[in-house]
Every structure is written in structure tokens, then in C-alpha cells.
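Student: This is the structure I have questions about; it appears just below.
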Amino acid sequence: MSPPAENLVRFYPSAPLSAQEAREFVAAELRRAEASTSAVNDLGLIVSELVANSIEHGDGGTIVVRVDPDAGACCTVTVGSGLASKRPPLDPATWTVAPPDQRSGRGLGIVRHLADEITVALVSGRLDITCRRRR
């Protein structure tokens with residue numbers, strides 16, 4: 001197994017290409033830590049969905065992506081961004097996948113389905129969503 005990585009951080013602009021770049025960053029770090037293929041794929045998709053939501057619903061500022069591939073028996077990713085509104089963070093238990101006839105609204109439902117644990121925190125005007133998945 002590769003040496004454990006520290007909590008790795010990257011910063012992305014609020015732009016469409018950032019979702020793909022963040023997904024590639026997370027996947028590369030998880031592969032380096034020898035996470036399972038399903039953990040790599042699931043957490044990569046989780047990050048791209050959360051970054052896309054940050055782009056669409058955030059304040060347009062920098063998006064922060066953290067990955068901890070060696071968080072015990074889990075891999076952890078966090079996506080943080082500024083809020084465009086003062087709405088309180090949503091409870092992950094309410095995240096569902098939109099019906100097929102809806103044009104959007106699937107991302108958070110997908111995240112809820114793929115993550116083993118989700119934490120939502122509002123800190124100093126920034127929304128951090130942390131997802132953990134068993135290796």
C-alpha cells in the first residue's frame with residue numbers, strides 16, 4: 001500500500017470544467033491509496049455532482065475539494081463553497097432523485113445513494129459537504 005496521504009486540498013473556480021477536474025483529482029488520489037475501484041468511481045461521481053451544485057447554486061467563488069483517502073476504513077471527500085443565499089443547509093435524509101420527467105434535481109439524490117455517511121456544515125458563510133464511503 002502507498003504511504004498514507006494527508007488531507008489533500010485543491011481549489012477550483014466556479015466553472016463547468018471544474019467538476020471534471022475535481023473528479024479526476026479525487027480519483028487519482030484514491031487510486032494512489034489503493035482504494036477499491038467502486039470507491040474510486042463512487043467518490044469521483046459524488047465530487048463531480050457536489051462541484052456542479054456549487055457552480056449552479058453557490059456564490060460564484062472558489063470551490064474547495066478535500067480528499068482523505070486513508071480515513072481509517074473509509075475514504076472521505078469534502079466539497080466546500082460559498083452560499084448564494086442564506087438558506088440553511090439541507091438535511092441529507094431529504095435528498096432524493098428527481099423523477100425522469102424533471103430536467104434536473106438528481107445530483108443530491110445520487111450523492112445520498114452512493115455515500116455511506118454525509119455531513120453538511122455551514123461555517124462562516126461557506127457550505128461544506130463531507131461524504132464518507134467504505135473502502
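How things are named: the first chain in the C-alpha cells is A, the next is B, and so on; residues count from 1 in each chain; ligands count from 1 in the order shown.
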Within 8 Å of Pro13 in chain A, counting only C-alpha atoms, which residues qualify if same-chain residues fewer than 3 places away don't, as a list in words?
Tutor: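 Result of the neighbour search: Ser18, Gly60, Gly61, Thr62 and Ile63 of chain A.
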Student: So which residues of chain A fall under strand (DSSP E or B) by DSSP, listed as an NGL selection string?
Tutor: :A and (8-12 or 58 or 63-71 or 74-83 or 117-123 or 126-134)
Student: Can those selected residues be exported to a file as an mmCIF file, in the first residue's frame so that it contains C-alpha atoms?
Tutor:
```
data_model
loop_
_atom_site.group_PDB
_atom_site.id
_atom_site.type_symbol
_atom_site.label_atom_id
_atom_site.label_comp_id
_atom_site.auth_asym_id
_atom_site.auth_seq_id
_atom_site.Cartn_x
_atom_site.Cartn_y
_atom_site.Cartn_z
ATOM 1 C CA LEU A 8 -5.222 16.760 0.200
ATOM 2 C CA VAL A 9 -6.809 20.018 -0.971
ATOM 3 C CA ARG A 10 -7.398 21.636 -4.379
ATOM 4 C CA PHE A 11 -9.106 24.906 -5.267
ATOM 5 C CA TYR A 12 -11.305 25.302 -8.332
ATOM 6 C CA GLY A 58 -23.067 28.801 -4.972
ATOM 7 C CA ILE A 63 -14.724 25.773 -4.642
ATOM 8 C CA VAL A 64 -12.554 23.769 -2.251
ATOM 9 C CA VAL A 65 -12.208 19.997 -2.656
ATOM 10 C CA ARG A 66 -10.540 17.892 0.026
ATOM 11 C CA VAL A 67 -9.838 14.180 -0.184
ATOM 12 C CA ASP A 68 -8.609 11.912 2.574
ATOM 13 C CA PRO A 69 -8.069 8.503 1.002
ATOM 14 C CA ASP A 70 -6.857 6.945 4.241
ATOM 15 C CA ALA A 71 -9.516 7.885 6.792
ATOM 16 C CA CYS A 74 -13.323 4.893 4.779
ATOM 17 C CA CYS A 75 -12.329 7.357 2.114
ATOM 18 C CA THR A 76 -13.552 10.898 2.685
ATOM 19 C CA VAL A 77 -14.203 13.808 0.331
ATOM 20 C CA THR A 78 -15.361 17.319 1.176
ATOM 21 C CA VAL A 79 -16.637 19.975 -1.211
ATOM 22 C CA GLY A 80 -16.931 23.500 0.141
ATOM 23 C CA SER A 81 -18.268 26.651 -1.455
ATOM 24 C CA GLY A 82 -19.896 29.940 -0.598
ATOM 25 C CA LEU A 83 -23.665 30.224 -0.467
ATOM 26 C CA GLU A 117 -22.215 8.926 5.577
ATOM 27 C CA ILE A 118 -22.870 12.602 4.757
ATOM 28 C CA THR A 119 -22.194 15.619 6.935
ATOM 29 C CA VAL A 120 -23.424 19.095 5.992
ATOM 30 C CA ALA A 121 -21.924 22.071 7.839
ATOM 31 C CA LEU A 122 -22.336 25.806 7.452
ATOM 32 C CA VAL A 123 -19.160 27.530 8.640
ATOM 33 C CA ARG A 126 -19.406 28.508 3.499
ATOM 34 C CA LEU A 127 -21.200 25.231 2.996
ATOM 35 C CA ASP A 128 -19.061 22.113 3.479
ATOM 36 C CA ILE A 129 -20.462 18.737 2.455
ATOM 37 C CA THR A 130 -18.381 15.782 3.590
ATOM 38 C CA CYS A 131 -19.051 12.297 2.261
ATOM 39 C CA ARG A 132 -17.540 9.075 3.517
ATOM 40 C CA ARG A 133 -17.533 5.744 1.765
ATOM 41 C CA ARG A 134 -16.168 2.435 2.914
#
```
Student: May I have the residues within 12 Å of His113 in chain A as a short mmCIF file (atom, residue, chain, number, x, y, z; two decimals) with C-alpha atoms, in the first residue's frame, using only C-alpha atoms and disregarding those fewer than 5 positions away in the same chain?
Tutor:
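Contents of out.cif, freshly written:
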```
data_model
loop_
_atom_site.label_atom_id
_atom_site.label_comp_id
_atom_site.auth_asym_id
_atom_site.auth_seq_id
_atom_site.Cartn_x
_atom_site.Cartn_y
_atom_site.Cartn_z
CA ASP A 42 -18.47 6.45 -6.45
CA LEU A 43 -16.48 9.21 -4.74
CA LEU A 45 -19.12 10.89 -9.09
CA ILE A 46 -20.03 12.32 -5.67
CA PRO A 92 -29.20 14.74 3.56
CA ALA A 93 -32.09 12.50 4.65
CA THR A 94 -34.32 14.59 2.35
CA TRP A 95 -32.09 14.24 -0.73
CA THR A 96 -33.92 12.26 -3.39
CA VAL A 97 -33.52 11.62 -7.09
CA ARG A 106 -30.80 14.20 -9.44
CA GLY A 107 -27.38 15.15 -8.05
CA LEU A 108 -28.03 15.19 -4.31
CA ILE A 118 -22.87 12.60 4.76
CA CYS A 131 -19.05 12.30 2.26
CA ARG A 132 -17.54 9.07 3.52
CA ARG A 133 -17.53 5.74 1.76
#
```
Student: With only C-alpha atoms as the atoms that count, which of A:Leu90, A:Val26, A:Ala15, A:Ile110 lies nearest to Ala52 in chain A?
Tutor: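 Looking only at the distances to Ala52 in chain A, the closest residue turns out to be A:Ala15.
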Student: Would you list, as a ChimeraX atom specification, the residues of range 5-68 of chain A that end up in helix (DSSP H, G or I) under DSSP run on this structure's backbone?
Tutor: /A:17-32,37-57
Student: Keeping only C-alpha atoms, write the selected residues as a tab-separated table (two decimals), in the first residue's frame.
Tutor:
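That gives us result_15.tsv:
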```
chain	number	residue	atom	x	y	z
A	17	LEU	CA	-14.70	22.26	-16.27
A	18	SER	CA	-14.04	22.25	-12.51
A	19	ALA	CA	-16.41	19.31	-11.93
A	20	GLN	CA	-14.37	17.09	-14.25
A	21	GLU	CA	-11.04	18.31	-12.88
A	22	ALA	CA	-12.15	17.71	-9.28
A	23	ARG	CA	-13.36	14.21	-10.19
A	24	GLU	CA	-10.02	13.40	-11.80
A	25	PHE	CA	-8.10	14.75	-8.77
A	26	VAL	CA	-10.12	12.65	-6.32
A	27	ALA	CA	-9.89	9.52	-8.47
A	28	ALA	CA	-6.11	9.84	-8.85
A	29	GLU	CA	-5.58	10.25	-5.10
A	30	LEU	CA	-7.86	7.35	-4.25
A	31	ARG	CA	-6.14	5.11	-6.79
A	32	ARG	CA	-2.76	6.11	-5.33
A	37	THR	CA	-12.48	0.59	-7.89
A	38	SER	CA	-16.05	1.08	-6.67
A	39	ALA	CA	-14.91	3.62	-4.03
A	40	VAL	CA	-12.91	5.50	-6.68
A	41	ASN	CA	-15.86	5.58	-9.08
A	42	ASP	CA	-18.47	6.45	-6.45
A	43	LEU	CA	-16.48	9.21	-4.74
A	44	GLY	CA	-15.46	10.64	-8.10
A	45	LEU	CA	-19.12	10.89	-9.09
A	46	ILE	CA	-20.03	12.32	-5.67
A	47	VAL	CA	-17.43	15.07	-6.04
A	48	SER	CA	-18.45	15.97	-9.58
A	49	GLU	CA	-22.13	16.21	-8.50
A	50	LEU	CA	-21.28	18.39	-5.49
A	51	VAL	CA	-18.99	20.65	-7.51
A	52	ALA	CA	-21.69	21.01	-10.19
A	53	ASN	CA	-24.16	22.02	-7.45
A	54	SER	CA	-21.64	24.52	-6.09
A	55	ILE	CA	-21.29	26.04	-9.55
A	56	GLU	CA	-25.05	26.24	-10.07
A	57	HIS	CA	-26.17	27.30	-6.59
```
Student: Can you work out the spacing between CA of Arg135 in chain A and CA of Ala98 in chain A in Å, to one decimal?
Tutor: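 Taking CA of Arg135 in chain A as the start and CA of Ala98 in chain A as the end point, the length is 27.9 Å.
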